[in-house]
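Just query-v6.txt here, compact mmCIF, C-alpha atoms:
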# COMPACT_ATOMS: atom_id res chain seq x y z
CA MET X 1 66.24 80.02 111.20
CA ASN X 2 68.55 77.04 111.23
CA LYS X 3 71.65 76.95 113.33
CA ILE X 4 75.00 76.54 111.65
CA ASP X 5 78.12 74.85 112.97
CA LEU X 6 80.89 77.40 113.24
CA THR X 7 84.31 75.76 113.44
CA PHE X 8 87.27 78.04 113.97
CA THR X 9 90.47 78.43 115.95
CA VAL X 10 90.27 80.52 119.09
CA ASN X 11 93.44 81.32 121.02
CA GLY X 12 95.14 78.30 119.50
CA GLY X 13 92.41 75.72 120.06
CA VAL X 14 89.87 74.48 117.51
CA ARG X 15 86.30 75.15 118.63
CA THR X 16 82.93 74.28 117.15
CA VAL X 17 79.84 76.23 118.15
CA ALA X 18 76.27 75.77 116.95
CA THR X 19 74.88 79.26 116.42
CA LYS X 20 72.10 81.05 114.63
CA PRO X 21 73.61 82.79 111.61
CA HIS X 22 72.56 86.33 112.54
CA ARG X 23 74.66 86.32 115.71
CA THR X 24 78.03 88.02 115.67
CA LEU X 25 81.54 86.88 116.39
CA LEU X 26 81.26 89.03 119.53
CA ASN X 27 78.18 87.10 120.70
CA VAL X 28 79.86 83.73 120.14
CA LEU X 29 83.15 84.64 121.81
CA ARG X 30 81.57 86.31 124.82
CA GLU X 31 78.39 84.31 125.39
CA ASP X 32 79.22 80.83 124.07
CA LEU X 33 82.95 80.62 124.77
CA ASP X 34 82.99 82.80 127.92
CA LEU X 35 85.75 85.03 126.58
CA ILE X 36 84.51 88.03 128.50
CA SER X 37 87.42 90.29 127.62
CA VAL X 38 85.49 90.85 124.39
CA LYS X 39 83.17 93.72 125.30
CA GLU X 40 80.13 95.17 123.62
CA GLY X 41 80.19 98.95 123.53
CA CYS X 42 78.46 100.75 120.69
CA SER X 43 77.65 97.80 118.36
CA GLN X 44 78.42 100.06 115.40
CA GLY X 45 82.17 99.87 114.98
CA ASP X 46 82.76 103.26 116.60
CA CYS X 47 84.17 102.35 120.02
CA GLY X 48 86.56 99.41 119.53
CA ALA X 49 85.70 97.67 122.83
CA CYS X 50 85.09 94.43 120.91
CA VAL X 51 88.32 94.38 118.86
CA VAL X 52 89.87 90.93 118.37
CA ILE X 53 92.42 89.57 115.92
CA MET X 54 90.96 87.71 112.95
CA ASP X 55 93.46 86.03 110.64
CA GLY X 56 96.17 88.44 111.75
CA PHE X 57 94.20 91.68 111.55
CA ALA X 58 92.27 93.74 114.10
CA VAL X 59 88.52 93.62 113.52
CA ASN X 60 85.43 94.84 115.34
CA SER X 61 83.89 91.53 116.41
CA CYS X 62 80.47 93.23 116.64
CA LEU X 63 80.60 93.73 112.85
CA VAL X 64 81.58 90.19 111.91
CA LEU X 65 78.74 87.71 111.50
CA ALA X 66 79.48 84.43 113.24
CA PRO X 67 79.33 82.44 109.97
CA GLN X 68 81.84 84.86 108.44
CA ALA X 69 84.37 83.60 110.99
CA GLN X 70 84.09 80.03 109.65
CA GLY X 71 87.60 78.56 109.39
CA SER X 72 89.28 81.71 110.71
CA GLU X 73 91.90 82.10 113.39
CA ILE X 74 90.85 84.35 116.26
CA ILE X 75 92.96 85.75 119.08
CA THR X 76 91.35 87.51 122.03
CA LEU X 77 92.99 89.13 125.01
CA GLU X 78 92.75 85.77 126.82
CA GLY X 79 95.22 84.42 124.24
CA LEU X 80 97.99 86.95 124.83
CA ALA X 81 99.56 85.53 128.00
CA GLN X 82 101.78 82.52 127.32
CA ASN X 83 102.45 79.84 129.97
CA GLY X 84 101.07 82.09 132.67
CA GLU X 85 103.29 85.00 131.71
CA LEU X 86 101.72 88.24 130.58
CA HIS X 87 102.55 89.62 127.14
CA PRO X 88 105.02 92.57 127.21
CA LEU X 89 102.16 94.88 126.18
CA GLN X 90 100.12 93.78 129.19
CA LYS X 91 103.09 94.20 131.53
CA MET X 92 103.74 97.72 130.30
CA PHE X 93 100.05 98.67 130.49
CA ILE X 94 100.29 97.81 134.18
CA GLU X 95 103.62 99.53 134.71
CA LYS X 96 102.57 102.75 132.92
CA TRP X 97 99.06 102.89 134.43
CA ALA X 98 97.60 102.70 130.94
CA PHE X 99 94.04 102.06 132.08
CA GLN X 100 91.61 103.52 134.53
CA CYS X 101 88.15 101.94 134.38
CA GLY X 102 89.51 99.22 132.09
CA TYR X 103 86.50 98.76 129.82
CA CYS X 104 88.37 99.79 126.66
CA THR X 105 91.58 97.99 127.64
CA PRO X 106 91.07 94.58 125.98
CA GLY X 107 90.16 96.20 122.65
CA ILE X 108 93.05 98.62 122.86
CA LEU X 109 95.49 95.85 123.71
CA MET X 110 94.30 93.84 120.71
CA SER X 111 94.61 96.85 118.39
CA CYS X 112 98.17 97.37 119.65
CA TYR X 113 98.95 93.66 119.36
CA ALA X 114 97.75 93.72 115.74
CA LEU X 115 99.97 96.73 115.07
CA LEU X 116 103.04 94.94 116.45
CA LEU X 117 102.28 91.83 114.38
CA HIS X 118 102.76 93.86 111.21
CA ASN X 119 105.04 96.61 112.46
CA PRO X 120 107.25 95.51 115.39
CA VAL X 121 108.88 98.94 115.79
CA PRO X 122 106.12 101.54 115.32
CA THR X 123 106.39 105.29 115.81
CA PRO X 124 104.09 107.04 118.31
CA ASP X 125 102.05 108.30 115.34
CA GLU X 126 101.60 104.75 114.10
CA VAL X 127 100.43 103.74 117.57
CA LYS X 128 97.91 106.60 117.48
CA ASP X 129 96.62 105.39 114.13
CA ALA X 130 96.37 101.82 115.42
CA ILE X 131 94.16 102.87 118.34
CA SER X 132 92.23 105.54 116.43
CA GLY X 133 89.20 103.22 116.43
CA ASN X 134 89.29 102.64 120.19
CA LEU X 135 87.53 105.07 122.49
CA CYS X 136 88.80 105.47 126.06
CA ARG X 137 86.25 107.47 127.99
CA CYS X 138 88.74 107.99 130.82
CA THR X 139 90.92 109.63 128.13
CA GLY X 140 94.11 107.88 129.17
CA TYR X 141 95.55 107.90 125.68
CA GLN X 142 98.98 109.30 126.48
CA ALA X 143 99.70 106.58 129.06
CA ILE X 144 98.55 103.99 126.51
CA ILE X 145 100.94 105.29 123.86
CA ASP X 146 103.74 105.41 126.47
CA ALA X 147 103.03 101.80 127.42
CA VAL X 148 103.17 100.58 123.81
CA MET X 149 106.40 102.42 123.16
CA ALA X 150 107.86 100.95 126.37
CA ALA X 151 106.82 97.46 125.29
CA VAL X 152 108.47 98.02 121.92
CA ALA X 153 111.66 99.21 123.63
CA SER X 154 111.69 96.12 125.88
CA MET Y 1 54.30 91.98 108.37
CA ASP Y 2 57.34 93.48 110.00
CA SER Y 3 57.41 91.16 112.98
CA ALA Y 4 60.26 91.05 115.45
CA HIS Y 5 61.05 87.62 114.11
CA THR Y 6 61.72 88.72 110.54
CA ARG Y 7 63.57 91.77 111.74
CA LEU Y 8 65.94 89.98 114.08
CA HIS Y 9 66.79 86.84 112.20
CA PHE Y 10 68.21 85.97 108.84
CA ASP Y 11 69.89 83.07 107.11
CA TYR Y 12 73.42 83.20 105.76
CA ASN Y 13 74.69 81.78 102.51
CA ALA Y 14 78.29 81.85 101.25
CA PRO Y 15 77.98 80.27 97.80
CA GLN Y 16 80.86 78.33 96.27
CA SER Y 17 80.16 79.57 92.74
CA LEU Y 18 79.20 82.94 91.30
CA GLU Y 19 76.36 81.29 89.36
CA ALA Y 20 74.87 79.80 92.53
CA GLY Y 21 75.18 83.12 94.37
CA LEU Y 22 73.58 85.16 91.61
CA LEU Y 23 70.78 82.64 91.29
CA ALA Y 24 70.14 82.82 95.05
CA LEU Y 25 70.16 86.61 94.81
CA ARG Y 26 67.58 86.59 92.00
CA LYS Y 27 65.33 84.07 93.73
CA SER Y 28 65.37 85.71 97.16
CA PRO Y 29 63.76 89.15 97.07
CA GLY Y 30 64.56 89.66 100.76
CA ALA Y 31 68.28 88.99 100.31
CA ALA Y 32 71.06 91.43 101.11
CA ILE Y 33 74.66 91.12 99.95
CA ILE Y 34 77.24 91.21 102.72
CA ALA Y 35 80.93 91.92 102.27
CA GLY Y 36 82.76 93.48 105.22
CA GLY Y 37 79.51 93.99 107.13
CA THR Y 38 80.69 97.35 108.50
CA ASP Y 39 77.66 99.17 107.09
CA LEU Y 40 75.20 96.29 106.75
CA LEU Y 41 75.20 95.20 110.39
CA PRO Y 42 74.70 98.68 111.91
CA SER Y 43 71.91 99.33 109.35
CA TRP Y 44 70.25 96.04 110.31
CA ARG Y 45 70.57 96.71 114.04
CA GLY Y 46 69.19 100.19 113.50
CA GLY Y 47 66.11 98.73 111.80
CA LEU Y 48 66.91 100.35 108.45
CA ILE Y 49 67.06 97.04 106.57
CA HIS Y 50 65.30 93.73 107.21
CA PRO Y 51 67.03 91.00 105.22
CA THR Y 52 65.73 87.44 105.43
CA LEU Y 53 68.95 86.14 103.88
CA VAL Y 54 72.44 87.57 103.61
CA ILE Y 55 74.62 86.32 100.78
CA ASP Y 56 78.37 86.51 101.20
CA PHE Y 57 80.41 86.31 97.96
CA LYS Y 58 83.67 86.01 99.90
CA HIS Y 59 84.65 82.61 98.44
CA LEU Y 60 84.51 83.78 94.84
CA GLY Y 61 87.87 85.46 94.40
CA LEU Y 62 86.54 89.02 94.31
CA SER Y 63 89.45 90.39 96.32
CA TYR Y 64 92.28 91.50 94.00
CA ILE Y 65 94.07 94.47 92.47
CA LYS Y 66 95.54 93.64 89.09
CA ALA Y 67 96.88 95.50 86.07
CA GLU Y 68 95.94 94.96 82.44
CA VAL Y 69 97.31 96.84 79.44
CA ASN Y 70 94.99 99.82 79.69
CA ARG Y 71 93.49 99.56 83.14
CA VAL Y 72 93.57 98.28 86.67
CA ARG Y 73 90.83 96.00 87.93
CA ILE Y 74 89.89 95.96 91.61
CA GLY Y 75 87.61 93.22 92.95
CA ALA Y 76 84.62 94.52 94.90
CA TYR Y 77 85.59 92.51 98.01
CA THR Y 78 89.01 94.19 98.23
CA THR Y 79 89.37 95.87 101.63
CA HIS Y 80 90.46 99.44 102.30
CA SER Y 81 93.55 98.09 104.07
CA GLN Y 82 94.52 96.12 100.94
CA MET Y 83 94.11 99.20 98.74
CA MET Y 84 96.13 101.38 101.13
CA VAL Y 85 99.23 99.23 100.77
CA SER Y 86 98.91 98.37 97.07
CA GLU Y 87 102.00 99.54 95.18
CA LEU Y 88 100.02 99.51 91.97
CA LEU Y 89 97.49 101.94 93.40
CA THR Y 90 99.91 104.18 95.27
CA GLY Y 91 102.04 104.36 92.12
CA TYR Y 92 99.34 105.06 89.51
CA PHE Y 93 96.21 106.12 91.40
CA PRO Y 94 97.49 107.66 94.65
CA ALA Y 95 94.29 109.55 95.49
CA LEU Y 96 92.45 106.25 96.03
CA PRO Y 97 94.75 104.68 98.68
CA GLU Y 98 94.99 108.11 100.28
CA ALA Y 99 91.19 108.14 100.64
CA CYS Y 100 91.26 104.56 101.99
CA ARG Y 101 93.86 105.56 104.57
CA GLN Y 102 91.47 108.21 105.91
CA ILE Y 103 88.50 105.89 106.33
CA ALA Y 104 87.47 105.29 109.95
CA ALA Y 105 90.18 103.24 111.74
CA PRO Y 106 92.13 100.00 111.19
CA PRO Y 107 89.46 97.51 112.35
CA ILE Y 108 86.98 99.04 109.89
CA ARG Y 109 89.52 99.33 107.08
CA ASN Y 110 90.45 95.66 107.60
CA ARG Y 111 86.87 94.56 106.92
CA GLY Y 112 85.19 97.31 104.89
CA THR Y 113 85.38 96.83 101.13
CA LEU Y 114 85.49 98.95 98.01
CA GLY Y 115 82.24 97.45 96.75
CA GLY Y 116 80.46 98.15 100.02
CA ASN Y 117 81.67 101.72 100.13
CA LEU Y 118 80.26 102.39 96.64
CA VAL Y 119 77.04 100.39 96.81
CA ASN Y 120 76.07 102.02 100.10
CA ALA Y 121 75.97 105.25 98.14
CA SER Y 122 76.66 107.57 101.02
CA PRO Y 123 77.20 111.12 99.71
CA ALA Y 124 80.31 110.99 101.92
CA ALA Y 125 81.71 107.67 100.57
CA ASP Y 126 85.44 108.30 100.73
CA THR Y 127 86.43 106.16 97.73
CA ALA Y 128 83.89 107.76 95.39
CA PRO Y 129 85.59 111.13 94.65
CA PRO Y 130 88.98 109.62 93.73
CA LEU Y 131 87.37 106.91 91.61
CA MET Y 132 85.23 109.51 89.84
CA ALA Y 133 88.33 111.59 89.22
CA TYR Y 134 89.95 108.51 87.61
CA ASP Y 135 86.90 107.81 85.35
CA ALA Y 136 86.25 104.48 87.05
CA GLU Y 137 83.63 102.07 85.73
CA LEU Y 138 81.69 99.47 87.66
CA VAL Y 139 80.92 95.93 86.56
CA LEU Y 140 77.44 94.85 87.66
CA VAL Y 141 76.67 91.15 87.21
CA LYS Y 142 73.47 89.20 87.56
CA ASP Y 143 72.18 85.77 86.79
CA GLY Y 144 72.80 85.52 83.04
CA SER Y 145 74.23 88.93 82.14
CA GLN Y 146 76.51 91.77 83.09
CA ARG Y 147 76.80 95.49 82.36
CA VAL Y 148 79.43 98.18 82.81
CA VAL Y 149 78.35 101.51 84.28
CA PRO Y 150 80.47 104.66 84.60
CA LEU Y 151 80.80 105.61 88.27
CA ASP Y 152 79.67 109.18 87.59
CA LYS Y 153 76.29 107.78 86.43
CA PHE Y 154 76.00 105.19 89.21
CA PHE Y 155 74.71 107.27 92.12
CA ILE Y 156 71.08 108.42 92.09
CA GLY Y 157 70.61 109.78 95.60
CA PRO Y 158 71.62 109.06 99.19
CA GLY Y 159 71.67 105.26 99.46
CA GLU Y 160 70.37 104.87 95.91
CA THR Y 161 72.25 103.58 92.89
CA LEU Y 162 71.62 102.11 89.46
CA LYS Y 163 72.35 98.65 90.90
CA GLN Y 164 69.24 96.48 90.88
CA PRO Y 165 68.49 94.15 93.81
CA ASP Y 166 69.44 91.08 91.75
CA GLU Y 167 72.78 92.57 90.69
CA LEU Y 168 76.18 92.23 92.36
CA LEU Y 169 78.89 94.87 92.02
CA ALA Y 170 81.72 92.51 91.07
CA GLU Y 171 84.63 94.76 90.17
CA VAL Y 172 85.84 98.26 89.39
CA TYR Y 173 87.84 99.26 86.32
CA ILE Y 174 90.21 102.22 86.43
CA PRO Y 175 91.84 103.28 83.14
CA PHE Y 176 95.51 104.26 83.35
CA CYS Y 177 96.08 108.03 83.24
CA GLU Y 178 98.01 110.11 80.69
CA PRO Y 179 101.76 110.15 81.40
CA ASN Y 180 101.93 113.67 82.81
CA THR Y 181 99.21 113.40 85.44
CA ALA Y 182 98.89 114.35 89.08
CA SER Y 183 95.99 113.49 91.37
CA LYS Y 184 95.14 114.50 94.92
CA PHE Y 185 92.56 113.74 97.60
CA ILE Y 186 91.71 115.93 100.57
CA LYS Y 187 89.15 115.04 103.23
CA MET Y 188 87.90 117.54 105.75
CA GLY Y 189 86.38 115.94 108.82
CA ASN Y 190 85.72 117.00 112.39
CA ARG Y 191 88.35 114.52 113.59
CA ARG Y 192 91.26 112.92 111.80
CA ALA Y 193 89.97 109.39 112.47
CA MET Y 194 86.48 107.89 112.62
CA ALA Y 195 85.06 110.96 110.88
CA ILE Y 196 82.48 111.17 108.14
CA ALA Y 197 83.61 113.84 105.71
CA VAL Y 198 82.29 117.39 106.07
CA ALA Y 199 83.54 117.78 102.51
CA SER Y 200 86.05 115.94 100.39
CA VAL Y 201 87.65 116.52 97.02
CA ALA Y 202 89.66 114.52 94.53
CA VAL Y 203 91.30 116.13 91.52
CA ARG Y 204 93.16 114.72 88.53
CA ILE Y 205 95.07 116.95 86.14
CA SER Y 206 96.85 115.79 82.98
CA LEU Y 207 99.13 118.26 81.22
CA GLY Y 208 100.11 118.35 77.55
CA LYS Y 209 103.46 119.20 75.95
CA ALA Y 210 102.97 122.96 76.26
CA GLU Y 211 101.98 122.51 79.94
CA GLU Y 212 98.37 123.16 79.04
CA VAL Y 213 95.66 121.17 80.84
CA LEU Y 214 94.65 118.23 78.64
CA GLU Y 215 92.22 116.66 81.04
CA ALA Y 216 90.80 117.82 84.37
CA ARG Y 217 88.59 116.08 86.89
CA ILE Y 218 87.21 117.57 90.07
CA ALA Y 219 85.06 115.22 92.16
CA LEU Y 220 83.43 116.19 95.42
CA GLY Y 221 81.96 114.29 98.39
CA SER Y 222 79.48 115.29 101.11
CA VAL Y 223 78.33 118.43 99.32
CA ALA Y 224 75.36 117.11 97.31
CA PRO Y 225 72.90 114.19 97.51
CA THR Y 226 75.55 112.05 95.77
CA PRO Y 227 79.27 112.35 95.13
CA ILE Y 228 79.48 114.69 92.12
CA ARG Y 229 81.83 116.14 89.55
CA ALA Y 230 82.27 119.89 89.18
CA ARG Y 231 82.05 119.79 85.39
CA GLU Y 232 82.01 123.52 84.75
CA ALA Y 233 85.12 124.00 86.85
CA GLU Y 234 86.76 121.12 84.97
CA SER Y 235 85.90 122.74 81.60
CA LEU Y 236 87.32 126.02 82.73
CA LEU Y 237 90.70 124.38 83.33
CA VAL Y 238 90.99 122.50 80.03
CA GLY Y 239 93.34 124.18 77.56
CA GLU Y 240 94.66 126.63 80.17
CA LYS Y 241 97.97 126.74 81.95
CA LEU Y 242 97.65 126.11 85.68
CA SER Y 243 98.19 129.67 86.87
CA GLU Y 244 97.04 130.64 90.33
CA ASP Y 245 94.34 132.82 88.74
CA VAL Y 246 92.96 129.93 86.71
CA ILE Y 247 93.00 127.67 89.76
CA SER Y 248 91.19 130.29 91.86
CA ALA Y 249 88.56 130.76 89.14
CA ALA Y 250 87.97 127.01 88.92
CA ALA Y 251 87.70 126.70 92.70
CA TYR Y 252 85.17 129.54 92.80
CA MET Y 253 83.17 127.93 90.01
CA ALA Y 254 83.16 124.53 91.79
CA GLN Y 255 81.56 126.16 94.80
CA GLY Y 256 78.63 127.16 92.61
CA GLU Y 257 78.11 123.60 91.40
CA VAL Y 258 77.40 121.97 94.77
CA ALA Y 259 74.17 121.57 96.72
CA PRO Y 260 75.12 120.79 100.31
CA ILE Y 261 72.83 120.40 103.31
CA SER Y 262 73.25 121.51 106.91
CA ASP Y 263 73.58 118.63 109.35
CA ILE Y 264 75.24 117.77 112.65
CA ARG Y 265 78.68 117.97 111.04
CA ALA Y 266 78.53 121.34 109.30
CA SER Y 267 76.26 123.98 107.82
CA LYS Y 268 75.62 124.18 104.09
CA GLU Y 269 77.23 127.63 103.99
CA TYR Y 270 80.42 126.29 105.56
CA ARG Y 271 80.48 123.31 103.22
CA SER Y 272 80.11 125.55 100.16
CA ARG Y 273 82.92 127.76 101.34
CA MET Y 274 85.10 124.71 102.02
CA VAL Y 275 84.54 123.42 98.49
CA GLU Y 276 86.32 126.48 97.16
CA VAL Y 277 89.12 126.11 99.71
CA LEU Y 278 89.62 122.37 99.16
CA VAL Y 279 89.46 122.54 95.37
CA LYS Y 280 92.02 125.31 95.37
CA ARG Y 281 94.30 123.45 97.78
CA SER Y 282 94.13 120.21 95.85
CA LEU Y 283 94.73 121.88 92.47
CA LEU Y 284 97.70 123.78 93.90
CA ALA Y 285 99.09 120.52 95.29
CA ALA Y 286 98.65 118.84 91.91
CA ARG Y 287 100.39 121.77 90.22
CA THR Y 288 103.30 121.57 92.67
CA GLU Y 289 103.72 117.86 91.98
CA LEU Y 290 103.63 118.36 88.21
CA LYS Y 291 106.18 121.17 88.43
CA GLU Y 292 108.51 119.19 90.65
CA ARG Y 293 108.34 116.28 88.29
CA MET Y 294 109.20 118.48 85.29
CA THR Y 295 112.17 120.14 86.95
CA GLY Y 296 113.27 116.76 88.30
CA GLU Y 297 113.51 115.22 84.84
Produce structure tokens that represent the structure in this file.
Amino acid sequence: MNKIDLTFTVNGGVRTVATKPHRTLLNVLREDLDLISVKEGCSQGDCGACVVIMDGFAVNSCLVLAPQAQGSEIITLEGLAQNGELHPLQKMFIEKWAFQCGYCTPGILMSCYALLLHNPVPTPDEVKDAISGNLCRCTGYQAIIDAVMAAVAS
Amino acid sequence: MDSAHTRLHFDYNAPQSLEAGLLALRKSPGAAIIAGGTDLLPSWRGGLIHPTLVIDFKHLGLSYIKAEVNRVRIGAYTTHSQMMVSELLTGYFPALPEACRQIAAPPIRNRGTLGGNLVNASPAADTAPPLMAYDAELVLVKDGSQRVVPLDKFFIGPGETLKQPDELLAEVYIPFCEPNTASKFIKMGNRRAMAIAVASVAVRISLGKAEEVLEARIALGSVAPTPIRAREAESLLVGEKLSEDVISAAAYMAQGEVAPISDIRASKEYRSRMVEVLVKRSLLAARTELKERMTGE
């Protein structure tokens, strides 16, 4: 199968990657661009460990074919900190102990970031809906919701 | 025949014209259509499908919700998230965005499409019961022709539809309802998010001037090999006033029209029982809405 040239914007920079068309956005971000915050969990869209922002919306990068990302704008966890300063969500995740093993954290942060893009002042129920596709096997959900609400308040 | 090579690789084509895409579809027997990819990619990884080519119709303007005089047209590439927030749908066809809101979770709803949900033909497809309740029709196009199929004739069995391999589901028509209409959707799952329905129901009730039922639709998911209508229960309602007795009788009758299976989510006995409960609940909710609207005016 022929490779295709995938040109898209990742964390603000334009990137071009030659990839076989059956690979996923997850494969390209993690393996070709070394953005290792993007994790593979279930590969079925159930766990949310691979969530990134695509054109302003949270998506499971394991369910997006690389060529489907042609021309899109992607943000991963690596793109949240600005000028060396962590995003308020990241700061509050640290302050509120909103992770334990940390495997689900990048996906959860991106789901929460997507929520705040569209809804800067969400209710706790809206936060729960936003992370309803992210599994945390340490079951630290309450601390996560607390952290998002604290970030909103700040 | 089924080598690892053919299973693990495929080409990708995002045509710039519908004609080119439909031609590619007709000429490539091993092609699969991709939209959101939320069902296609897990099926491919699970070895259930082995496409040699995936064709993505995303450039062809198939993502829209627009009103005409008698109907609304929804493009097959419209996502669940787009339907959830559509004022046109929440205003005139509220059971559909309600069903979309209960699908999986945001990352899936942001990618998964109406066309994909229907063409996959899961008995549990969340958009199917509301669309059946609204008498939706599907537009199937292929190289050189198109046809319109009523949704309640579209499903043949689990994963099987009338759509031929060289056809694309392009859009869905929903006729506007009678003025005095209420519609409801209830999904019962084992969790509130990321759950495949144990049973689901959509109802649409239109009342006449004497508050008699003019039209009734009861559509059910996850309780038969395909989404189905409970036609006998619908007939029982027509011409009657929506008393609690009539509603109970219709709900009981609906239970007799389903053919559920036992699986990891629920037993067939439980599903049958829940059909009666859910139909009754949704009809009562529709009645409440109709009553409130009458006293409000």
Worksheet item: Between atom CA of X:Leu65 and atom CA of Y:Asp143, what is the spacing in Å?
Response: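 Spanning atom CA of Y:Asp143 to atom CA of X:Leu65 is a straight-line distance of 25.6 Å.
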Mind running chain X against chain Y at 10 Å and telling me each contacting residue's nearest atom pair with the distance in Å (one decimal), counting only C-alpha atoms, chain and number ascending, as a tab-separated table?
residue	atom	partner	partner_atom	distance
X:Met1	CA	Y:Asp11	CA	6.3
X:Asn2	CA	Y:Asp11	CA	7.4
X:Lys3	CA	Y:Asp11	CA	8.9
X:Ile4	CA	Y:Tyr12	CA	9.0
X:Lys20	CA	Y:Asp11	CA	8.1
X:Pro21	CA	Y:Asp11	CA	5.8
X:His22	CA	Y:Phe10	CA	5.7
X:Arg23	CA	Y:His9	CA	8.6
X:Thr24	CA	Y:Leu41	CA	9.4
X:Cys42	CA	Y:Pro42	CA	9.8
X:Ser43	CA	Y:Pro42	CA	7.1
X:Gln44	CA	Y:Pro42	CA	5.3
X:Gly45	CA	Y:Ile108	CA	7.1
X:Asp46	CA	Y:Met194	CA	7.1
X:Cys47	CA	Y:Met194	CA	9.5
X:Gly48	CA	Y:Pro107	CA	8.0
X:Val51	CA	Y:Pro107	CA	7.3
X:Val52	CA	Y:Pro107	CA	8.9
X:Ile53	CA	Y:Pro107	CA	9.2
X:Met54	CA	Y:Asn110	CA	9.6
X:Phe57	CA	Y:Asn110	CA	6.7
X:Ala58	CA	Y:Pro107	CA	5.0
X:Val59	CA	Y:Pro107	CA	4.2
X:Asn60	CA	Y:Pro107	CA	5.7
X:Ser61	CA	Y:Pro107	CA	9.1
X:Cys62	CA	Y:Leu41	CA	8.4
X:Leu63	CA	Y:Thr38	CA	5.7
X:Val64	CA	Y:Gly37	CA	6.4
X:Leu65	CA	Y:Gly37	CA	7.7
X:Ala66	CA	Y:Tyr12	CA	9.7
X:Pro67	CA	Y:Tyr12	CA	7.3
X:Gln68	CA	Y:Asp56	CA	8.2
X:Ser111	CA	Y:Pro107	CA	8.0
X:Ala114	CA	Y:Pro106	CA	9.6
X:Leu115	CA	Y:Pro106	CA	9.3
X:Lys128	CA	Y:Ala193	CA	9.8
X:Asp129	CA	Y:Ala105	CA	7.2
X:Ala130	CA	Y:Pro106	CA	6.3
X:Ile131	CA	Y:Ala105	CA	7.7
X:Ser132	CA	Y:Ala105	CA	5.6
X:Gly133	CA	Y:Ala105	CA	4.8
X:Asn134	CA	Y:Ala105	CA	8.5
Worksheet item: Can you tell me, as a list in words, what residues are no more than 6 Å from Y:Arg71 when counting only C-alpha atoms, ignoring any on the same chain fewer than 6 positions away?
Response: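 Returned residues: Ile174, Pro175 and Phe176 of chain Y.
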Practice prompt. Within 7 Å of stretch 94-107 of chain X, counting all atoms listed in the file, which residues show up once you throw out same-chain ones fewer than 2 positions away? Write them as a ChimeraX atom specification, please.
Written response: /X:37-38,48-52,77,90-92,109-111,134-136,138,140,143-144,147
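Omitting Y:Ala24 and its sequence neighbours fewer than 5 positions away, and counting only C-alpha atoms, the residues within 12 Å are Tyr12, Asn13, Ala14, Pro15, Gln16, Ser17, Leu18, Glu19, Pro29, Gly30, Ala31, Ala32, Ile33, Leu53, Val54, Ile55, Asp56, Phe57, Lys142, Asp143, Pro165, Asp166, Glu167 and Leu168 of chain Y.
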Atoms to include: C-alpha atoms. Write the selected residues as an mmCIF file, keeping the file's coordinate frame.
data_model
loop_
_atom_site.group_PDB
_atom_site.id
_atom_site.type_symbol
_atom_site.label_atom_id
_atom_site.label_comp_id
_atom_site.auth_asym_id
_atom_site.auth_seq_id
_atom_site.Cartn_x
_atom_site.Cartn_y
_atom_site.Cartn_z
ATOM 1 C CA TYR Y 12 73.420 83.200 105.760
ATOM 2 C CA ASN Y 13 74.690 81.780 102.510
ATOM 3 C CA ALA Y 14 78.290 81.850 101.250
ATOM 4 C CA PRO Y 15 77.980 80.270 97.800
ATOM 5 C CA GLN Y 16 80.860 78.330 96.270
ATOM 6 C CA SER Y 17 80.160 79.570 92.740
ATOM 7 C CA LEU Y 18 79.200 82.940 91.300
ATOM 8 C CA GLU Y 19 76.360 81.290 89.360
ATOM 9 C CA PRO Y 29 63.760 89.150 97.070
ATOM 10 C CA GLY Y 30 64.560 89.660 100.760
ATOM 11 C CA ALA Y 31 68.280 88.990 100.310
ATOM 12 C CA ALA Y 32 71.060 91.430 101.110
ATOM 13 C CA ILE Y 33 74.660 91.120 99.950
ATOM 14 C CA LEU Y 53 68.950 86.140 103.880
ATOM 15 C CA VAL Y 54 72.440 87.570 103.610
ATOM 16 C CA ILE Y 55 74.620 86.320 100.780
ATOM 17 C CA ASP Y 56 78.370 86.510 101.200
ATOM 18 C CA PHE Y 57 80.410 86.310 97.960
ATOM 19 C CA LYS Y 142 73.470 89.200 87.560
ATOM 20 C CA ASP Y 143 72.180 85.770 86.790
ATOM 21 C CA PRO Y 165 68.490 94.150 93.810
ATOM 22 C CA ASP Y 166 69.440 91.080 91.750
ATOM 23 C CA GLU Y 167 72.780 92.570 90.690
ATOM 24 C CA LEU Y 168 76.180 92.230 92.360
#
Show me, as JSON, the centre and edge lengths in Å to one decimal of the axis-aligned box that covers every listed atom of stretch 148-155 of chain Y with 8 Å on each side.
{"center_x": 77.8, "center_y": 103.7, "center_z": 87.5, "size_x": 22.1, "size_y": 27.0, "size_z": 25.3}
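The residue that comes closest to X:Arg15, out of X:Gln70, X:Gln82, X:Asn119, X:Thr139 and on the basis of all atoms listed in the file, is X:Gln70.
Taking atom CA of Y:Thr113 as the reference point, atom CA of Y:Glu178 is found at 27.5 Å.
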Worksheet item: Could you name the residues that touch X:Leu33 at 12 Å or less, counting all atoms listed in the file, but leaving out those on the same chain fewer than 4 positions away, as a list of chain:residue names?
Response: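 Those residues are X:Phe8, X:Thr9, X:Val10, X:Asn11, X:Gly13, X:Val14, X:Arg15, X:Thr16, X:Val17, X:Ala18, X:Thr19, X:Leu25, X:Leu26, X:Asn27, X:Val28, X:Leu29, X:Ser37, X:Val38, X:Thr76, X:Glu78.
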Worksheet item: What is the distance between atom CA of Y:Ala133 and atom CA of Y:Ser183, in Å to one decimal?
Response: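 These two atoms are separated by 8.2 Å.
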